[in-house]
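**Student:** File follows, structure-v4.cif with mmCIF, C-alpha atoms and all ligand atoms:
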```cif
data_structure
loop_
_atom_site.label_atom_id
_atom_site.label_comp_id
_atom_site.auth_asym_id
_atom_site.auth_seq_id
_atom_site.Cartn_x
_atom_site.Cartn_y
_atom_site.Cartn_z
CA MET A 1004 34.08 11.30 10.03
CA LYS A 1005 33.21 14.88 10.89
CA LEU A 1006 29.43 15.11 10.98
CA PRO A 1007 27.99 17.78 8.71
CA GLN A 1008 25.51 20.42 9.78
CA LEU A 1009 21.95 20.01 8.50
CA LYS A 1010 20.65 23.02 6.57
CA ILE A 1011 16.95 23.42 5.88
CA ASP A 1012 16.03 26.76 4.30
CA GLY A 1013 17.49 29.43 6.57
CA LEU A 1014 17.90 27.03 9.53
CA THR A 1015 21.19 25.35 10.42
CA ALA A 1016 21.26 22.46 12.88
CA GLN A 1017 24.69 21.68 14.26
CA LEU A 1018 23.99 17.95 14.06
CA PRO A 1019 22.46 16.05 11.11
CA ILE A 1020 19.89 14.41 13.37
CA ILE A 1021 16.15 15.01 13.64
CA GLN A 1022 14.22 13.45 16.51
CA GLY A 1023 11.10 12.19 14.75
CA GLY A 1024 7.70 13.45 15.89
CA MET A 1025 5.75 10.89 17.92
CA ALA A 1026 2.03 11.07 18.63
CA VAL A 1027 -0.02 10.87 20.69
CA ARG A 1028 1.91 12.85 23.34
CA ILE A 1029 5.05 10.69 23.15
CA SER A 1030 7.32 13.48 21.87
CA THR A 1031 6.10 16.58 23.65
CA GLY A 1032 7.84 19.90 24.35
CA ALA A 1033 10.13 18.38 27.01
CA LEU A 1034 11.76 15.91 24.61
CA ALA A 1035 11.82 18.23 21.60
CA GLY A 1036 13.41 21.00 23.68
CA ALA A 1037 16.04 18.72 25.23
CA VAL A 1038 17.00 17.33 21.81
CA ALA A 1039 17.10 20.79 20.22
CA LYS A 1040 19.49 21.99 22.93
CA THR A 1041 22.06 19.38 21.80
CA GLY A 1042 22.22 20.88 18.30
CA ALA A 1043 19.94 18.25 16.75
CA ILE A 1044 16.35 19.12 15.73
CA GLY A 1045 13.55 18.37 18.21
CA ILE A 1046 10.04 17.62 16.96
CA ILE A 1047 6.77 17.76 18.89
CA GLY A 1048 4.26 15.11 17.77
CA ALA A 1049 1.24 17.40 17.39
CA SER A 1050 -1.35 14.94 16.07
CA GLY A 1051 -4.10 14.56 18.66
CA MET A 1052 -3.16 17.70 20.61
CA ALA A 1053 -5.60 20.53 21.31
CA PHE A 1054 -4.50 23.95 19.99
CA ASP A 1055 -3.90 25.40 23.50
CA GLU A 1056 -1.95 22.34 24.46
CA LEU A 1057 0.22 22.66 21.37
CA ARG A 1058 0.94 26.32 22.12
CA ARG A 1059 2.03 25.33 25.64
CA GLU A 1060 4.24 22.49 24.39
CA ILE A 1061 5.91 24.83 21.89
CA GLU A 1062 6.65 27.28 24.72
CA ILE A 1063 8.09 24.49 26.89
CA ALA A 1064 10.28 23.29 24.03
CA ARG A 1065 11.46 26.82 23.25
CA GLU A 1066 12.53 27.45 26.84
CA LEU A 1067 14.50 24.22 27.01
CA ALA A 1068 16.00 24.47 23.54
CA ALA A 1069 18.26 27.44 24.31
CA GLY A 1070 18.01 28.68 20.75
CA GLY A 1071 18.00 25.20 19.17
CA ILE A 1072 15.62 24.23 16.37
CA VAL A 1073 12.13 23.03 17.30
CA GLY A 1074 9.46 21.79 14.91
CA ILE A 1075 6.14 20.00 14.94
CA ASN A 1076 4.92 16.93 13.11
CA ILE A 1077 1.30 16.69 12.01
CA MET A 1078 -0.44 13.87 10.19
CA PHE A 1079 -2.37 15.00 7.13
CA ALA A 1080 -4.97 12.39 8.10
CA ALA A 1081 -5.84 14.38 11.26
CA ARG A 1082 -9.10 16.32 11.00
CA GLU A 1083 -7.55 19.31 12.80
CA PHE A 1084 -4.61 19.38 10.38
CA VAL A 1085 -5.15 22.96 9.18
CA GLY A 1086 -5.80 24.33 12.71
CA ILE A 1087 -2.65 22.67 14.07
CA VAL A 1088 -0.54 24.04 11.20
CA GLN A 1089 -1.94 27.55 11.71
CA THR A 1090 -1.44 27.36 15.49
CA ALA A 1091 2.19 26.28 15.07
CA ILE A 1092 2.92 28.99 12.49
CA LYS A 1093 1.37 31.66 14.75
CA ALA A 1094 3.53 30.37 17.62
CA LYS A 1095 6.53 30.90 15.33
CA ILE A 1096 7.57 27.27 15.15
CA ASP A 1097 10.86 26.80 13.25
CA LEU A 1098 9.57 24.13 10.85
CA ILE A 1099 6.65 21.81 10.17
CA MET A 1100 6.96 18.19 9.15
CA THR A 1101 4.01 16.42 7.60
CA GLY A 1102 3.27 12.86 6.54
CA ALA A 1103 0.59 10.13 6.60
CA GLY A 1104 -1.16 11.54 3.54
CA PHE A 1105 -0.26 14.48 1.37
CA SER A 1106 -1.46 18.07 1.60
CA ARG A 1107 -0.96 20.56 -1.22
CA ASP A 1108 -2.38 23.45 0.83
CA ILE A 1109 0.25 23.27 3.57
CA PHE A 1110 2.94 24.69 1.27
CA LYS A 1111 0.97 27.89 0.74
CA MET A 1112 0.39 28.17 4.51
CA GLY A 1113 4.12 27.69 5.07
CA GLN A 1114 5.01 30.35 2.49
CA ASP A 1115 2.54 32.85 3.96
CA GLY A 1116 3.87 32.20 7.47
CA ASN A 1117 7.52 32.03 6.41
CA THR A 1118 7.79 28.54 7.88
CA PRO A 1119 9.70 25.73 6.13
CA ILE A 1120 7.60 22.67 5.34
CA VAL A 1121 9.31 19.29 5.35
CA SER A 1122 7.46 16.45 3.61
CA ILE A 1123 7.74 12.87 4.84
CA VAL A 1124 7.39 10.59 1.83
CA SER A 1125 8.08 7.02 0.80
CA THR A 1126 8.33 7.39 -2.98
CA ALA A 1127 10.45 9.44 -5.39
CA ARG A 1128 7.27 10.54 -7.17
CA LEU A 1129 5.82 12.15 -4.05
CA ALA A 1130 9.20 13.70 -3.24
CA GLU A 1131 9.19 15.36 -6.68
CA THR A 1132 5.66 16.66 -6.15
CA ALA A 1133 6.63 18.04 -2.73
CA GLN A 1134 9.63 19.79 -4.27
CA LYS A 1135 7.48 21.37 -6.99
CA LEU A 1136 5.01 22.63 -4.39
CA GLY A 1137 7.73 24.23 -2.28
CA ALA A 1138 8.96 21.71 0.32
CA ALA A 1139 12.14 22.83 2.09
CA ALA A 1140 13.43 19.28 2.62
CA ILE A 1141 12.33 15.67 2.23
CA VAL A 1142 12.29 12.90 4.81
CA VAL A 1143 12.37 9.50 3.11
CA GLU A 1144 10.75 7.04 5.45
CA GLY A 1145 11.17 3.32 4.85
CA LYS A 1146 9.24 0.33 6.17
CA GLU A 1147 11.63 0.09 9.14
CA ALA A 1148 9.95 3.11 10.78
CA GLY A 1149 7.55 3.11 13.72
CA GLY A 1150 3.95 4.33 13.58
CA HIS A 1151 2.05 4.59 10.31
CA LEU A 1152 3.90 3.29 7.28
CA GLY A 1153 3.64 4.52 3.69
CA THR A 1154 5.62 1.64 2.16
CA ASP A 1155 6.78 -1.94 2.52
CA GLN A 1156 10.17 -1.03 0.99
CA SER A 1157 13.38 -0.51 2.90
CA VAL A 1158 14.67 3.03 3.33
CA TRP A 1159 17.96 1.84 1.84
CA LYS A 1160 16.16 1.01 -1.41
CA ILE A 1161 14.00 4.16 -1.64
CA PHE A 1162 16.59 6.64 -0.44
CA PRO A 1163 18.82 6.65 -3.58
CA GLU A 1164 15.71 6.97 -5.80
CA VAL A 1165 14.53 10.04 -3.89
CA LYS A 1166 18.01 11.55 -3.71
CA LYS A 1167 18.26 11.31 -7.50
CA ALA A 1168 14.79 12.78 -8.02
CA VAL A 1169 15.09 16.01 -6.01
CA GLY A 1170 17.55 18.82 -5.36
CA LEU A 1171 16.55 19.38 -1.73
CA PRO A 1172 18.12 18.21 1.52
CA VAL A 1173 17.11 14.54 1.87
CA ILE A 1174 16.85 12.95 5.30
CA ALA A 1175 16.70 9.18 5.82
CA ALA A 1176 14.29 7.66 8.34
CA GLY A 1177 13.37 4.19 9.53
CA GLY A 1178 15.54 1.76 11.43
CA ILE A 1179 18.38 4.20 12.00
CA ILE A 1180 18.82 3.37 15.65
CA ASN A 1181 22.52 3.92 16.22
CA GLY A 1182 25.54 5.92 15.13
CA ALA A 1183 26.71 3.22 12.70
CA GLU A 1184 23.43 3.53 10.78
CA LEU A 1185 23.78 7.31 10.86
CA VAL A 1186 27.21 7.03 9.22
CA ARG A 1187 25.79 4.54 6.70
CA ALA A 1188 23.05 7.03 5.77
CA LEU A 1189 25.50 9.93 5.43
CA LYS A 1190 27.79 7.81 3.25
CA ALA A 1191 24.77 6.97 1.09
CA GLY A 1192 24.33 10.71 0.50
CA ALA A 1193 21.82 11.62 3.20
CA ASP A 1194 21.91 15.19 4.50
CA GLY A 1195 20.69 13.90 7.83
CA VAL A 1196 18.69 11.21 9.56
CA GLN A 1197 15.45 11.14 11.46
CA MET A 1198 15.45 8.88 14.52
CA ALA A 1199 12.45 8.23 16.74
CA THR A 1200 12.57 4.81 18.40
CA ARG A 1201 15.92 5.53 20.05
CA PHE A 1202 14.50 8.66 21.71
CA VAL A 1203 11.57 6.91 23.39
CA LEU A 1204 14.04 5.80 26.05
CA ALA A 1205 14.89 9.41 26.90
CA GLU A 1206 14.04 10.60 30.40
CA GLU A 1207 12.27 13.58 28.82
CA CYS A 1208 10.07 11.41 26.58
CA ALA A 1209 6.46 11.64 27.80
CA ALA A 1210 5.82 7.90 27.45
CA PRO A 1211 5.13 6.37 30.89
CA PRO A 1212 7.51 3.83 32.50
CA GLU A 1213 5.28 0.87 31.46
CA TYR A 1214 5.61 1.99 27.81
CA LYS A 1215 9.38 2.36 28.04
CA LYS A 1216 9.56 -1.08 29.66
CA ARG A 1217 8.01 -2.58 26.49
CA TYR A 1218 10.82 -0.95 24.53
CA GLN A 1219 13.41 -2.33 26.93
CA GLU A 1220 12.04 -5.87 26.77
CA ALA A 1221 11.05 -6.06 23.09
CA ARG A 1222 12.47 -8.98 21.12
CA LYS A 1223 12.58 -9.20 17.34
CA GLU A 1224 9.40 -11.32 17.25
CA ASP A 1225 7.49 -8.80 19.39
CA VAL A 1226 7.54 -6.10 16.70
CA VAL A 1227 4.60 -6.53 14.33
CA ILE A 1228 2.60 -4.83 11.60
CA ILE A 1229 -0.97 -3.85 12.43
CA SER A 1230 -3.70 -2.39 10.31
CA SER A 1231 -4.73 1.14 11.26
CA PRO A 1232 -8.25 2.53 10.73
CA VAL A 1233 -6.48 5.46 8.99
CA GLY A 1234 -6.12 3.05 6.07
CA MET A 1235 -2.40 2.44 6.44
CA PRO A 1236 -0.38 -0.27 8.11
CA GLY A 1237 1.46 0.59 11.31
CA ARG A 1238 4.39 -0.87 13.20
CA ALA A 1239 4.02 -1.63 16.90
CA ILE A 1240 5.19 -3.79 19.77
CA LYS A 1241 2.82 -6.64 20.70
CA THR A 1242 0.46 -5.85 23.56
CA ALA A 1243 -2.75 -7.60 24.63
CA PHE A 1244 -4.67 -5.09 22.49
CA VAL A 1245 -2.41 -5.67 19.49
CA GLU A 1246 -2.90 -9.45 19.86
CA LYS A 1247 -6.64 -8.79 19.54
CA LEU A 1248 -6.06 -6.71 16.41
CA LEU A 1249 -3.95 -9.46 14.89
CA ALA A 1250 -6.71 -11.99 15.63
CA ASN A 1251 -9.37 -9.67 14.15
CA LYS A 1252 -11.01 -9.40 17.57
CA GLU A 1253 -10.49 -5.70 18.16
CA PRO A 1254 -13.12 -3.88 20.22
CA ARG A 1255 -15.44 -1.60 18.25
CA PRO A 1256 -15.21 2.12 19.13
CA ILE A 1257 -17.53 3.19 21.95
CA GLY A 1258 -17.82 6.84 20.95
CA CYS A 1259 -16.23 8.87 18.19
CA ASP A 1260 -15.13 12.48 18.00
CA PHE A 1261 -14.14 12.15 14.34
CA CYS A 1262 -10.47 12.95 14.91
CA LEU A 1263 -9.51 11.57 11.50
CA LYS A 1264 -10.64 12.78 8.07
CA ASN A 1265 -11.20 9.17 7.04
CA CYS A 1266 -11.51 6.31 9.49
CA SER A 1267 -12.66 2.75 8.95
CA LEU A 1268 -14.14 2.86 12.50
CA LYS A 1269 -12.90 -0.71 13.00
CA TYR A 1270 -11.45 0.36 16.31
CA CYS A 1271 -10.42 3.68 17.87
CA ILE A 1272 -6.70 4.15 17.28
CA PHE A 1273 -6.74 7.48 19.09
CA GLN A 1274 -8.10 5.84 22.26
CA ALA A 1275 -5.61 2.97 21.95
CA LEU A 1276 -2.71 5.44 21.68
CA ILE A 1277 -4.02 7.50 24.59
CA ASN A 1278 -4.40 4.34 26.71
CA SER A 1279 -0.77 3.34 26.22
CA GLN A 1280 0.39 6.93 26.77
CA LYS A 1281 -1.39 6.83 30.12
CA GLY A 1282 0.21 3.51 31.08
CA ASP A 1283 -2.71 1.19 30.25
CA ILE A 1284 -0.60 -0.86 27.88
CA ASP A 1285 -2.95 -3.87 27.75
CA HIS A 1286 -5.61 -1.68 26.13
CA GLY A 1287 -3.16 0.27 24.04
CA ILE A 1288 -0.91 0.41 21.02
CA VAL A 1289 2.83 0.97 21.51
CA PHE A 1290 4.23 2.16 18.19
CA SER A 1291 7.88 1.31 17.59
CA GLY A 1292 10.44 1.06 14.83
CA GLU A 1293 11.40 -2.37 13.47
CA TYR A 1294 14.80 -2.43 15.16
CA VAL A 1295 13.99 -1.45 18.73
CA TRP A 1296 15.53 -4.76 19.84
CA LYS A 1297 18.84 -3.81 18.24
CA ILE A 1298 19.40 -0.86 20.57
CA LYS A 1299 22.34 -2.04 22.67
CA ASP A 1300 21.85 0.13 25.71
CA ARG A 1301 18.17 0.29 26.55
CA THR A 1302 18.45 2.15 29.84
CA VAL A 1303 16.42 5.31 30.27
CA LYS A 1304 18.73 8.32 30.20
CA PRO A 1305 18.64 12.05 29.36
CA ALA A 1306 18.10 12.89 25.69
CA ALA A 1307 21.44 14.71 25.64
CA GLN A 1308 23.16 11.48 26.70
CA ILE A 1309 21.37 9.54 23.93
CA VAL A 1310 22.63 12.08 21.38
CA ALA A 1311 26.15 11.85 22.87
CA ASP A 1312 25.99 8.04 22.67
CA VAL A 1313 24.89 8.17 19.02
CA LEU A 1314 27.76 10.54 18.19
CA LYS A 1315 30.23 8.22 19.93
CA GLU A 1316 28.85 5.24 18.00
CA ALA A 1317 29.17 7.24 14.77
CA GLU A 1318 32.78 8.04 15.55
CA GLU A 1319 33.55 4.39 16.26
CA ALA A 1320 31.78 3.30 13.08
CA SER A 1321 33.62 5.78 10.88
CA VAL A 1322 37.09 4.62 11.95
CA LEU A 1323 36.28 0.98 11.12
C1 LIG A 1401 6.04 5.92 19.10
C2 LIG A 1401 6.11 6.49 17.71
C3 LIG A 1401 5.17 7.40 17.30
C4 LIG A 1401 5.26 7.98 16.02
N1 LIG A 1401 4.36 8.95 15.66
C5 LIG A 1401 4.51 9.58 14.46
C6 LIG A 1401 3.67 10.67 14.12
O1 LIG A 1401 2.80 11.09 14.89
N2 LIG A 1401 3.83 11.24 12.89
C7 LIG A 1401 4.81 10.82 12.01
O2 LIG A 1401 4.94 11.37 10.92
N3 LIG A 1401 5.64 9.81 12.33
C8 LIG A 1401 5.52 9.19 13.53
N4 LIG A 1401 6.39 8.19 13.87
C9 LIG A 1401 7.52 7.90 12.95
C10 LIG A 1401 8.79 8.62 13.40
O3 LIG A 1401 8.67 10.00 13.42
C11 LIG A 1401 10.04 8.26 12.56
O4 LIG A 1401 10.03 8.79 11.27
C12 LIG A 1401 10.33 6.78 12.44
O5 LIG A 1401 9.87 6.04 13.53
C13 LIG A 1401 11.83 6.59 12.26
O6 LIG A 1401 12.23 5.26 12.44
P1 LIG A 1401 12.88 4.76 13.83
O7 LIG A 1401 11.82 4.83 14.83
O8 LIG A 1401 13.32 3.37 13.50
O9 LIG A 1401 14.02 5.68 14.15
C14 LIG A 1401 6.31 7.59 15.13
C15 LIG A 1401 7.24 6.63 15.56
C16 LIG A 1401 7.16 6.08 16.83
C17 LIG A 1401 8.20 5.08 17.26
#
```
Now that the file is in, can you turn its structure into structure tokens?

**Tutor:**
Amino acid sequence: MKLPQLKIDGLTAQLPIIQGGMAVRISTGALAGAVAKTGAIGIIGASGMAFDELRREIEIARELAAGGIVGINIMFAAREFVGIVQTAIKAKIDLIMTGAGFSRDIFKMGQDGNTPIVSIVSTARLAETAQKLGAAAIVVEGKEAGGHLGTDQSVWKIFPEVKKAVGLPVIAAGGIINGAELVRALKAGADGVQMATRFVLAEECAAPPEYKKRYQEARKEDVVIISSPVGMPGRAIKTAFVEKLLANKEPRPIGCDFCLKNCSLKYCIFQALINSQKGDIDHGIVFSGEYVWKIKDRTVKPAAQIVADVLKEAEEASVL
């Protein structure tokens, strides 16, 4: 099967693969740039970044991307949502992906800045609304995804509903961890896929070795659903901190800089994500997709090699 290009507005990616944005500081400029250089689309997880930091990460990604497509991902739930979007548009980012809540205003900002907005949704209804408001493409994310989840339904169930509802490029996300799943998505009518979990094991991914080790050792039973103070469930690998969450014994936040528009204040998810990003896994949350344990080769390797592996798997799957 010859893989199609992925067209979003005026942008053409040579490969129908988007590396999903991962906060906090898991997909930074180094990973996004390395992925973009392969012809796929690289995404910086911008939630939790300061504006200056984001500008720097965009520059890093641009230099590495050699003309490839680089975007950012920002959670609507983040208090600095508007500032991050404006910063990225000013820095001439190629596209902006947004999920974890729904913003109407972002489409106007995108139009004014000539920047395509891609909405991450989990229902056909929200996909239709995004299309009406001016989205350039839709990512349909199923319950198999890592991080915050907008649904308990499989991507394979929601995808056809969304595809029928809109006339935009539709990208499937959640549990697509190898080339066989990529081929399955394309055969189901997807214009592309978004993959995140697979890219955590890239050399260029900013997660520390202790974090990547959790990915390498994760078994099916280690991947669990937690409740996030954002008001959504999330998918993560069990850590000592996550065990506390599951037992309702999570530590109360010590301070708060009100990083979220709405927060239950049950615990500080920002601090827990920062802790794991800094290697303090026992006090942290390690987000992951449902099928991390299905990744056959869990060695850490360059992002370009991961993309090459996925393409090889896709080729093998399409001749079966
Ligand atoms: C470590 C990690 C962090 C994530 N952070 C974000 C995020 O900040 N914003 C977002 O929209 N999605 C986030 N996601 C979801 C991914 O972008 C992606 O859509 C999803 O994980 C795809 O499923 P897969 O991981 O099975 O490939 C995250 C996923 C992971 C694994």

**Student:** Give the residue list for ligand LIG 1401 (chain A) at 7 Å, counting all atoms listed in the file, as number ranges by chain, sorted by chain and then by residue number.

**Tutor:** A: 1023-1027, 1029, 1048-1050, 1076-1078, 1101-1103, 1123, 1144, 1147-1151, 1176-1180, 1197-1201, 1289-1294

**Student:** Write the residues of the preceding selection, restricted to C-alpha atoms, as a PDB file, in the frame of the given file.

**Tutor:**
```pdb
ATOM      1  CA  GLY A1023      11.100  12.190  14.750  1.00  0.00           C
ATOM      2  CA  GLY A1024       7.700  13.450  15.890  1.00  0.00           C
ATOM      3  CA  MET A1025       5.750  10.890  17.920  1.00  0.00           C
ATOM      4  CA  ALA A1026       2.030  11.070  18.630  1.00  0.00           C
ATOM      5  CA  VAL A1027      -0.020  10.870  20.690  1.00  0.00           C
ATOM      6  CA  ILE A1029       5.050  10.690  23.150  1.00  0.00           C
ATOM      7  CA  GLY A1048       4.260  15.110  17.770  1.00  0.00           C
ATOM      8  CA  ALA A1049       1.240  17.400  17.390  1.00  0.00           C
ATOM      9  CA  SER A1050      -1.350  14.940  16.070  1.00  0.00           C
ATOM     10  CA  ASN A1076       4.920  16.930  13.110  1.00  0.00           C
ATOM     11  CA  ILE A1077       1.300  16.690  12.010  1.00  0.00           C
ATOM     12  CA  MET A1078      -0.440  13.870  10.190  1.00  0.00           C
ATOM     13  CA  THR A1101       4.010  16.420   7.600  1.00  0.00           C
ATOM     14  CA  GLY A1102       3.270  12.860   6.540  1.00  0.00           C
ATOM     15  CA  ALA A1103       0.590  10.130   6.600  1.00  0.00           C
ATOM     16  CA  ILE A1123       7.740  12.870   4.840  1.00  0.00           C
ATOM     17  CA  GLU A1144      10.750   7.040   5.450  1.00  0.00           C
ATOM     18  CA  GLU A1147      11.630   0.090   9.140  1.00  0.00           C
ATOM     19  CA  ALA A1148       9.950   3.110  10.780  1.00  0.00           C
ATOM     20  CA  GLY A1149       7.550   3.110  13.720  1.00  0.00           C
ATOM     21  CA  GLY A1150       3.950   4.330  13.580  1.00  0.00           C
ATOM     22  CA  HIS A1151       2.050   4.590  10.310  1.00  0.00           C
ATOM     23  CA  ALA A1176      14.290   7.660   8.340  1.00  0.00           C
ATOM     24  CA  GLY A1177      13.370   4.190   9.530  1.00  0.00           C
ATOM     25  CA  GLY A1178      15.540   1.760  11.430  1.00  0.00           C
ATOM     26  CA  ILE A1179      18.380   4.200  12.000  1.00  0.00           C
ATOM     27  CA  ILE A1180      18.820   3.370  15.650  1.00  0.00           C
ATOM     28  CA  GLN A1197      15.450  11.140  11.460  1.00  0.00           C
ATOM     29  CA  MET A1198      15.450   8.880  14.520  1.00  0.00           C
ATOM     30  CA  ALA A1199      12.450   8.230  16.740  1.00  0.00           C
ATOM     31  CA  THR A1200      12.570   4.810  18.400  1.00  0.00           C
ATOM     32  CA  ARG A1201      15.920   5.530  20.050  1.00  0.00           C
ATOM     33  CA  VAL A1289       2.830   0.970  21.510  1.00  0.00           C
ATOM     34  CA  PHE A1290       4.230   2.160  18.190  1.00  0.00           C
ATOM     35  CA  SER A1291       7.880   1.310  17.590  1.00  0.00           C
ATOM     36  CA  GLY A1292      10.440   1.060  14.830  1.00  0.00           C
ATOM     37  CA  GLU A1293      11.400  -2.370  13.470  1.00  0.00           C
ATOM     38  CA  TYR A1294      14.800  -2.430  15.160  1.00  0.00           C
TER      39      TYR A1294
END
```

**Student:** Give as a PyMOL selection string every residue, naming chains and numbers as the document does, that has an atom within 8 Å of (29.6, 9.6, 14.0), counting only C-alpha atoms.

**Tutor:** chain A and resi 1004-1006+1182-1183+1185-1186+1313-1321

**Student:** Can those selected residues be exported to a file as a tab-separated table (two decimals), in the coordinates of the input so that it contains C-alpha atoms?

**Tutor:**
```tsv
chain	number	residue	atom	x	y	z
A	1004	MET	CA	34.08	11.30	10.03
A	1005	LYS	CA	33.21	14.88	10.89
A	1006	LEU	CA	29.43	15.11	10.98
A	1182	GLY	CA	25.54	5.92	15.13
A	1183	ALA	CA	26.71	3.22	12.70
A	1185	LEU	CA	23.78	7.31	10.86
A	1186	VAL	CA	27.21	7.03	9.22
A	1313	VAL	CA	24.89	8.17	19.02
A	1314	LEU	CA	27.76	10.54	18.19
A	1315	LYS	CA	30.23	8.22	19.93
A	1316	GLU	CA	28.85	5.24	18.00
A	1317	ALA	CA	29.17	7.24	14.77
A	1318	GLU	CA	32.78	8.04	15.55
A	1319	GLU	CA	33.55	4.39	16.26
A	1320	ALA	CA	31.78	3.30	13.08
A	1321	SER	CA	33.62	5.78	10.88
```

**Student:** Can you work out which one of A:Asn1181, A:Gln1308, A:Thr1118, A:Thr1302 has the shortest atom-to-atom distance to A:Lys1040, counting all atoms listed in the file?

**Tutor:**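 Going through A:Asn1181, A:Gln1308, A:Thr1118, A:Thr1302 one by one, the smallest distance to A:Lys1040 is for A:Gln1308.
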
**Student:** Taking 3 positions as the minimum chain separation for residues in the same chain, which residues sit within 9 Å of stretch 1221-1237 of chain A when counting all atoms listed in the file? Answer as a ChimeraX atom specification.

**Tutor:** /A:1080,1103,1148-1154,1216-1218,1240-1242,1245,1248-1249,1263-1272,1290-1297

**Student:** Any idea what the distance is between atom CA of A:Leu1204 and atom CA of A:Ala1016?

**Tutor:**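 Interatomic distance here is 22.4 Å.
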
**Student:** Can you list, as a list in words, every protein, DNA or RNA residue that comes within 8 Å of A:Ile1047 when you count only C-alpha atoms, leaving out same-chain residues fewer than 6 positions away?

**Tutor:**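 Once the adjacent positions are removed, what remains is Gly1024, Met1025, Ser1030, Thr1031, Gly1032, Leu1034, Ala1035, Glu1060, Ile1061, Val1073, Gly1074, Ile1075 and Asn1076 of chain A.
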
**Student:** Measuring atom to atom with all atoms listed in the file, identify which of A:Ile1284, A:Ala1064, A:Leu1018, A:Ile1257 is nearest to A:Val1196.

**Tutor:**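 Looking at the shortest contact to A:Val1196, the residue is A:Leu1018.
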
**Student:** Rank A:Asp1300, A:Gln1274, A:Ala1191, A:Gly1045 by their smallest atom-to-atom distance to A:Gly1258, using all atoms listed in the file, and report the top residue only.

**Tutor:**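 Ranked by minimum distance to A:Gly1258, first place goes to A:Gln1274.
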
**Student:** Using Å and a single decimal, report how far atom CA of A:Glu1062 sits from atom CA of A:Lys1010.

**Tutor:**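 It comes out at 23.3 Å.
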
**Student:** Between A:Arg1065, A:Gln1219, A:Gln1022, A:Ala1168, single out the one closest to A:Glu1131, counting all atoms listed in the file.

**Tutor:**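 Ranking A:Arg1065, A:Gln1219, A:Gln1022, A:Ala1168 by distance to A:Glu1131, first place goes to A:Ala1168.
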
**Student:** Hey, which of A:Ile1161, A:Ala1193, A:Val1088, A:Ala1175 ends up closest to A:Pro1007? Count all atoms listed in the file.

**Tutor:**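 Going through A:Ile1161, A:Ala1193, A:Val1088, A:Ala1175 one by one, the smallest distance to A:Pro1007 is for A:Ala1193.
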
**Student:** My list of candidates is A:Glu1246, A:Leu1276, A:Lys1095, A:Asp1285. Which is closest to A:Gly1051 when distances are computed with all atoms listed in the file?

**Tutor:** A:Leu1276

**Student:** List as a list in words the protein and nucleic acid residues near A:Pro1019, meaning an atom at most 7 Å away when only C-alpha atoms are counted, but skip any in the same chain fewer than 2 places from it.

**Tutor:**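 Non-adjacent residues within range: Pro1007, Gln1008, Leu1009, Ala1016, Gln1017, Ile1021, Ala1043, Asp1194, Gly1195 and Val1196 of chain A.
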
**Student:** What would the file look like if the residues just selected were written as a PDB file, in the coordinates of the input with C-alpha atoms?

**Tutor:**
```
ATOM      1  CA  PRO A1007      27.990  17.780   8.710  1.00  0.00           C
ATOM      2  CA  GLN A1008      25.510  20.420   9.780  1.00  0.00           C
ATOM      3  CA  LEU A1009      21.950  20.010   8.500  1.00  0.00           C
ATOM      4  CA  ALA A1016      21.260  22.460  12.880  1.00  0.00           C
ATOM      5  CA  GLN A1017      24.690  21.680  14.260  1.00  0.00           C
ATOM      6  CA  ILE A1021      16.150  15.010  13.640  1.00  0.00           C
ATOM      7  CA  ALA A1043      19.940  18.250  16.750  1.00  0.00           C
ATOM      8  CA  ASP A1194      21.910  15.190   4.500  1.00  0.00           C
ATOM      9  CA  GLY A1195      20.690  13.900   7.830  1.00  0.00           C
ATOM     10  CA  VAL A1196      18.690  11.210   9.560  1.00  0.00           C
TER      11      VAL A1196
END
```

**Student:** What is the atom CA of A:Leu1067 to atom CA of A:Ala1037 distance in Å?

**Tutor:**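 One can read the atom CA of A:Leu1067 to atom CA of A:Ala1037 distance as 6.0 Å.
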
**Student:** Find the smallest box with edges along x, y and z containing every listed atom of stretch 1131-1138 of chain A, then add 3 Å on each side and report centre and edge lengths in Å to one decimal, as lines of an AutoDock Vina configuration file.

**Tutor:**
```
center_x = 7.3
center_y = 19.8
center_z = -3.3
size_x = 10.6
size_y = 14.9
size_z = 13.3
```

**Student:** Find the spatial neighbours of stretch 1110-1116 of chain A, counting only C-alpha atoms, within a cut-off of 7 Å - ignore same-chain residues fewer than 4 positions away - and output them as an MDAnalysis selection string.

**Tutor:** chainID A and resid 1092 1120 1136:1138

**Student:** Could you rebuild stretch 1055-1060 of chain A with N, CA and C atoms and give it back as a PDB file, in the coordinates of the input?

**Tutor:**
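Output below, filename selection.pdb:
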```pdb
ATOM      1  N   ASP A1055      -4.509  24.785  22.303  1.00  0.00           N
ATOM      2  CA  ASP A1055      -3.900  25.400  23.500  1.00  0.00           C
ATOM      3  C   ASP A1055      -2.739  24.578  24.013  1.00  0.00           C
ATOM      4  N   GLU A1056      -2.980  23.285  24.001  1.00  0.00           N
ATOM      5  CA  GLU A1056      -1.950  22.340  24.460  1.00  0.00           C
ATOM      6  C   GLU A1056      -0.699  22.472  23.583  1.00  0.00           C
ATOM      7  N   LEU A1057      -0.912  22.546  22.288  1.00  0.00           N
ATOM      8  CA  LEU A1057       0.220  22.660  21.370  1.00  0.00           C
ATOM      9  C   LEU A1057       1.004  23.947  21.625  1.00  0.00           C
ATOM     10  N   ARG A1058       0.274  25.035  21.830  1.00  0.00           N
ATOM     11  CA  ARG A1058       0.940  26.320  22.120  1.00  0.00           C
ATOM     12  C   ARG A1058       1.818  26.195  23.352  1.00  0.00           C
ATOM     13  N   ARG A1059       1.276  25.528  24.401  1.00  0.00           N
ATOM     14  CA  ARG A1059       2.030  25.330  25.640  1.00  0.00           C
ATOM     15  C   ARG A1059       3.274  24.478  25.400  1.00  0.00           C
ATOM     16  N   GLU A1060       3.098  23.405  24.653  1.00  0.00           N
ATOM     17  CA  GLU A1060       4.240  22.490  24.390  1.00  0.00           C
ATOM     18  C   GLU A1060       5.326  23.212  23.580  1.00  0.00           C
TER      19      GLU A1060
END
```
